[in-house]
Amino acid sequence: MKRIRDTLRREEAGAKVAVLMRENATRTELFAKAPGSRYVHLATHGLTDTSRRAEYSSLALTQPRVVTREDFGFLTLVDLLDNWWGKLANTELVVLSACDTQRGRIESGEGVFGMPWGFMYAGCPSVIASLWQVSDDSTAELMAGLYAEIAAAEKRQDAVAKLTAFVKVRRALRAKHRQPYYWAPFIYLGDPN
């Protein structure tokens, strides 16, 4: 997380980078800080449900000192659908750097009803999510490389698509780690730019 924060601060001079960790990583803080953010990167634990109750799939956050109906330590898909409409309209990319974040209930003709749907419903056109449990080390390498590639392209004033940056970094990771477990768990959904 520190490498990503430092990359964004260095490459986007004056960029405001909010890092929510430990006691600050609550749903309330995320709800307050995420709108208006160019990127939202969530490195946490994914809890998915592939049954009829897929809307209760969630990302684990920090439980606040005072638990409320709105903030009990998890960001659920139902919360995104009920409360986040339009909140991420200015966000270019949400990265769900957690296990199983692209799992959910299969909807005929629609695909997987899971956490990425909630972020897209909130207004973000692109989401990176995982298909299975991930390796912490290769995930950290992929994510740091992704943001470095995006920042470098922007510095050169190249109109590089985020999908192009993602594919480039994933290919480099594949060359280093031949087993798909390390390089293939994350997929890119939505607008390639």
# chains A, B, ... in the order shown; residues from 1 in each chain; ligands from 1
$ residues_around --residues "Thr48 in chain A" --least-positions-apart "4" --cutoff "12 Å" --atoms "only C-alpha atoms" --output "ChimeraX atom specification"
/A:52-60,74-77,98-105,112-116,130-133
$ select_by_dssp --residues "chain A" --states "strand (DSSP E or B)" --output "ChimeraX atom specification"
/A:39-43,46-47,58-60,74-76,93-97,105-107,111-113,126-130,186-190
$ write_last_selection --atoms "N, CA and C atoms" --output "short mmCIF file (atom, residue, chain, number, x, y, z; two decimals), in the first residue's frame"
data_model
loop_
_atom_site.label_atom_id
_atom_site.label_comp_id
_atom_site.auth_asym_id
_atom_site.auth_seq_id
_atom_site.Cartn_x
_atom_site.Cartn_y
_atom_site.Cartn_z
N TYR A 39 -8.86 7.22 -8.06
CA TYR A 39 -8.71 5.77 -7.89
C TYR A 39 -9.16 5.41 -6.48
N VAL A 40 -9.79 4.25 -6.37
CA VAL A 40 -10.12 3.69 -5.06
C VAL A 40 -9.50 2.30 -5.04
N HIS A 41 -8.56 2.11 -4.13
CA HIS A 41 -7.85 0.84 -4.02
C HIS A 41 -8.18 0.25 -2.65
N LEU A 42 -8.80 -0.92 -2.64
CA LEU A 42 -9.19 -1.56 -1.38
C LEU A 42 -8.41 -2.85 -1.21
N ALA A 43 -7.44 -2.83 -0.32
CA ALA A 43 -6.63 -4.01 -0.01
C ALA A 43 -7.13 -4.55 1.32
N GLY A 46 -11.90 -10.25 1.09
CA GLY A 46 -13.17 -10.36 0.41
C GLY A 46 -13.95 -11.54 0.95
N LEU A 47 -15.22 -11.33 1.21
CA LEU A 47 -16.11 -12.38 1.70
C LEU A 47 -17.26 -12.50 0.72
N SER A 58 -19.14 -9.13 0.78
CA SER A 58 -18.63 -7.91 1.40
C SER A 58 -17.11 -7.86 1.37
N LEU A 59 -16.63 -6.68 1.74
CA LEU A 59 -15.21 -6.45 1.97
C LEU A 59 -15.07 -6.14 3.46
N ALA A 60 -14.11 -6.78 4.10
CA ALA A 60 -13.90 -6.55 5.53
C ALA A 60 -13.17 -5.23 5.74
N PHE A 74 -18.08 -3.88 7.73
CA PHE A 74 -18.06 -4.48 6.41
C PHE A 74 -18.69 -3.53 5.39
N LEU A 75 -18.19 -3.57 4.17
CA LEU A 75 -18.83 -2.88 3.06
C LEU A 75 -19.49 -3.97 2.24
N THR A 76 -20.81 -4.01 2.23
CA THR A 76 -21.54 -5.07 1.53
C THR A 76 -22.01 -4.60 0.16
N LEU A 93 -11.17 4.21 -11.64
CA LEU A 93 -10.87 2.80 -11.44
C LEU A 93 -11.00 2.43 -9.97
N VAL A 94 -11.68 1.33 -9.69
CA VAL A 94 -11.71 0.73 -8.36
C VAL A 94 -10.95 -0.58 -8.45
N VAL A 95 -10.02 -0.78 -7.53
CA VAL A 95 -9.25 -2.02 -7.48
C VAL A 95 -9.62 -2.75 -6.19
N LEU A 96 -10.15 -3.95 -6.35
CA LEU A 96 -10.52 -4.78 -5.20
C LEU A 96 -9.40 -5.79 -4.98
N SER A 97 -8.40 -5.36 -4.26
CA SER A 97 -7.21 -6.16 -4.02
C SER A 97 -7.46 -7.06 -2.82
N ARG A 105 -23.21 -14.66 -7.36
CA ARG A 105 -24.26 -15.45 -7.99
C ARG A 105 -24.22 -15.22 -9.49
N ILE A 106 -24.36 -16.28 -10.26
CA ILE A 106 -24.40 -16.17 -11.71
C ILE A 106 -25.82 -15.78 -12.13
N GLU A 107 -25.92 -14.66 -12.86
CA GLU A 107 -27.21 -14.18 -13.38
C GLU A 107 -27.26 -14.47 -14.87
N GLY A 111 -24.06 -12.27 -16.16
CA GLY A 111 -22.75 -12.58 -15.60
C GLY A 111 -22.81 -12.73 -14.10
N VAL A 112 -21.72 -12.41 -13.44
CA VAL A 112 -21.59 -12.60 -12.00
C VAL A 112 -22.15 -11.40 -11.25
N PHE A 113 -23.12 -11.65 -10.38
CA PHE A 113 -23.68 -10.61 -9.51
C PHE A 113 -22.82 -10.61 -8.26
N SER A 126 -14.79 1.21 -14.28
CA SER A 126 -13.84 0.10 -14.37
C SER A 126 -13.51 -0.44 -12.99
N VAL A 127 -13.42 -1.78 -12.92
CA VAL A 127 -13.10 -2.45 -11.65
C VAL A 127 -12.12 -3.58 -11.95
N ILE A 128 -11.13 -3.71 -11.10
CA ILE A 128 -10.24 -4.87 -11.14
C ILE A 128 -10.61 -5.72 -9.93
N ALA A 129 -10.87 -7.00 -10.18
CA ALA A 129 -11.32 -7.90 -9.12
C ALA A 129 -10.67 -9.27 -9.30
N SER A 130 -10.75 -10.10 -8.26
CA SER A 130 -10.09 -11.40 -8.29
C SER A 130 -11.08 -12.56 -8.39
N PHE A 186 -6.52 -11.87 -11.05
CA PHE A 186 -7.22 -10.60 -11.23
C PHE A 186 -7.66 -10.41 -12.67
N ILE A 187 -8.88 -9.88 -12.83
CA ILE A 187 -9.40 -9.55 -14.14
C ILE A 187 -9.84 -8.09 -14.15
N TYR A 188 -9.89 -7.53 -15.33
CA TYR A 188 -10.27 -6.14 -15.52
C TYR A 188 -11.68 -6.13 -16.10
N LEU A 189 -12.58 -5.38 -15.49
CA LEU A 189 -13.97 -5.29 -15.93
C LEU A 189 -14.31 -3.86 -16.29
N GLY A 190 -15.02 -3.67 -17.38
CA GLY A 190 -15.52 -2.33 -17.71
C GLY A 190 -14.72 -1.61 -18.77
#
$ select_by_dssp --residues "chain A" --states "alpha helix (DSSP H)" --output "number ranges by chain"
A: 2-11, 27-33, 77-83, 115-121, 136-155, 162-176, 180-183
$ write_last_selection --atoms "C-alpha atoms" --output "short mmCIF file (atom, residue, chain, number, x, y, z; two decimals), in the first residue's frame"
data_model
loop_
_atom_site.label_atom_id
_atom_site.label_comp_id
_atom_site.auth_asym_id
_atom_site.auth_seq_id
_atom_site.Cartn_x
_atom_site.Cartn_y
_atom_site.Cartn_z
CA LYS A 2 2.86 2.34 0.82
CA ARG A 3 4.42 1.79 -2.64
CA ILE A 4 1.13 2.65 -4.34
CA ARG A 5 0.65 5.75 -2.19
CA ASP A 6 4.20 6.92 -2.86
CA THR A 7 3.85 6.31 -6.62
CA LEU A 8 0.66 8.36 -6.82
CA ARG A 9 2.04 11.19 -4.71
CA ARG A 10 5.29 11.33 -6.68
CA GLU A 11 3.81 11.10 -10.17
CA ARG A 27 -17.08 2.14 6.11
CA THR A 28 -17.93 5.64 7.38
CA GLU A 29 -14.46 6.97 6.49
CA LEU A 30 -14.49 5.22 3.12
CA PHE A 31 -17.95 6.64 2.36
CA ALA A 32 -16.64 10.13 3.19
CA LYS A 33 -13.28 9.91 1.35
CA LEU A 77 -22.86 -5.26 -1.99
CA VAL A 78 -26.31 -4.34 -0.69
CA ASP A 79 -24.81 -1.21 0.94
CA LEU A 80 -23.23 -0.21 -2.39
CA LEU A 81 -26.54 -0.72 -4.19
CA ASP A 82 -28.61 1.07 -1.54
CA ASN A 83 -26.36 3.98 -0.58
CA MET A 115 -18.97 -6.74 -5.58
CA PRO A 116 -17.84 -5.18 -8.91
CA TRP A 117 -21.49 -4.58 -9.83
CA GLY A 118 -21.87 -2.43 -6.73
CA PHE A 119 -18.90 -0.23 -7.60
CA MET A 120 -20.09 0.15 -11.18
CA TYR A 121 -23.56 1.01 -9.90
CA ASP A 136 -0.07 -11.48 -1.03
CA ASP A 137 3.38 -11.13 -2.60
CA SER A 138 2.42 -11.44 -6.28
CA THR A 139 -0.65 -9.25 -5.67
CA ALA A 140 1.51 -6.52 -4.14
CA GLU A 141 3.85 -6.76 -7.13
CA LEU A 142 0.96 -6.57 -9.61
CA MET A 143 -0.69 -3.60 -7.90
CA ALA A 144 2.49 -1.58 -7.46
CA GLY A 145 3.39 -2.24 -11.10
CA LEU A 146 -0.09 -1.25 -12.28
CA TYR A 147 -0.03 2.18 -10.64
CA ALA A 148 3.58 2.77 -11.68
CA GLU A 149 2.69 1.95 -15.30
CA ILE A 150 -0.37 4.23 -15.26
CA ALA A 151 1.63 7.06 -13.68
CA ALA A 152 4.55 6.66 -16.11
CA ALA A 153 2.21 6.76 -19.12
CA GLU A 154 0.51 9.87 -17.81
CA LYS A 155 3.89 11.51 -17.18
CA LYS A 162 -5.74 1.39 -17.85
CA LEU A 163 -6.53 -2.01 -19.35
CA THR A 164 -3.35 -1.80 -21.44
CA ALA A 165 -1.32 -1.01 -18.31
CA PHE A 166 -2.99 -3.89 -16.45
CA VAL A 167 -2.25 -6.38 -19.25
CA LYS A 168 1.37 -5.22 -19.55
CA VAL A 169 2.03 -5.64 -15.82
CA ARG A 170 0.20 -8.97 -15.70
CA ARG A 171 2.32 -10.28 -18.60
CA ALA A 172 5.49 -9.26 -16.78
CA LEU A 173 4.24 -11.07 -13.69
CA ARG A 174 3.46 -14.14 -15.81
CA ALA A 175 7.03 -14.19 -17.13
CA LYS A 176 8.26 -14.24 -13.55
CA PRO A 180 -1.62 -18.97 -13.06
CA TYR A 181 -2.26 -18.85 -9.30
CA TYR A 182 0.23 -15.96 -9.11
CA TRP A 183 -0.41 -13.95 -12.28
#
$ atom_distance --atom1 "CA of Asp191 in chain A" --atom2 "CA of Lys87 in chain A"
17.7 Å
$ closest_residue --among "A:Arg22, A:Arg156, A:Arg178, A:Arg69" --to "Thr44 in chain A" --atoms "only C-alpha atoms"
A:Arg22
$ residues_around --residues "Arg65 in chain A" --least-positions-apart "3" --cutoff "12 Å" --atoms "only C-alpha atoms" --output "list in words"
Arg22, Glu23, Asn24, Ala25, Thr26, Thr28, Thr62, Thr68, Asp71, Phe72 and Gly73 of chain A
$ atom_distance --atom1 "CA of Pro192 in chain A" --atom2 "CA of Val134 in chain A"
23.0 Å
$ closest_residue --among "A:Pro64, A:Gly36, A:Gly109, A:Pro185" --to "Cys124 in chain A" --atoms "only C-alpha atoms"
A:Gly36
$ atom_distance --atom1 "CA of His177 in chain A" --atom2 "CA of Asn193 in chain A"
26.8 Å
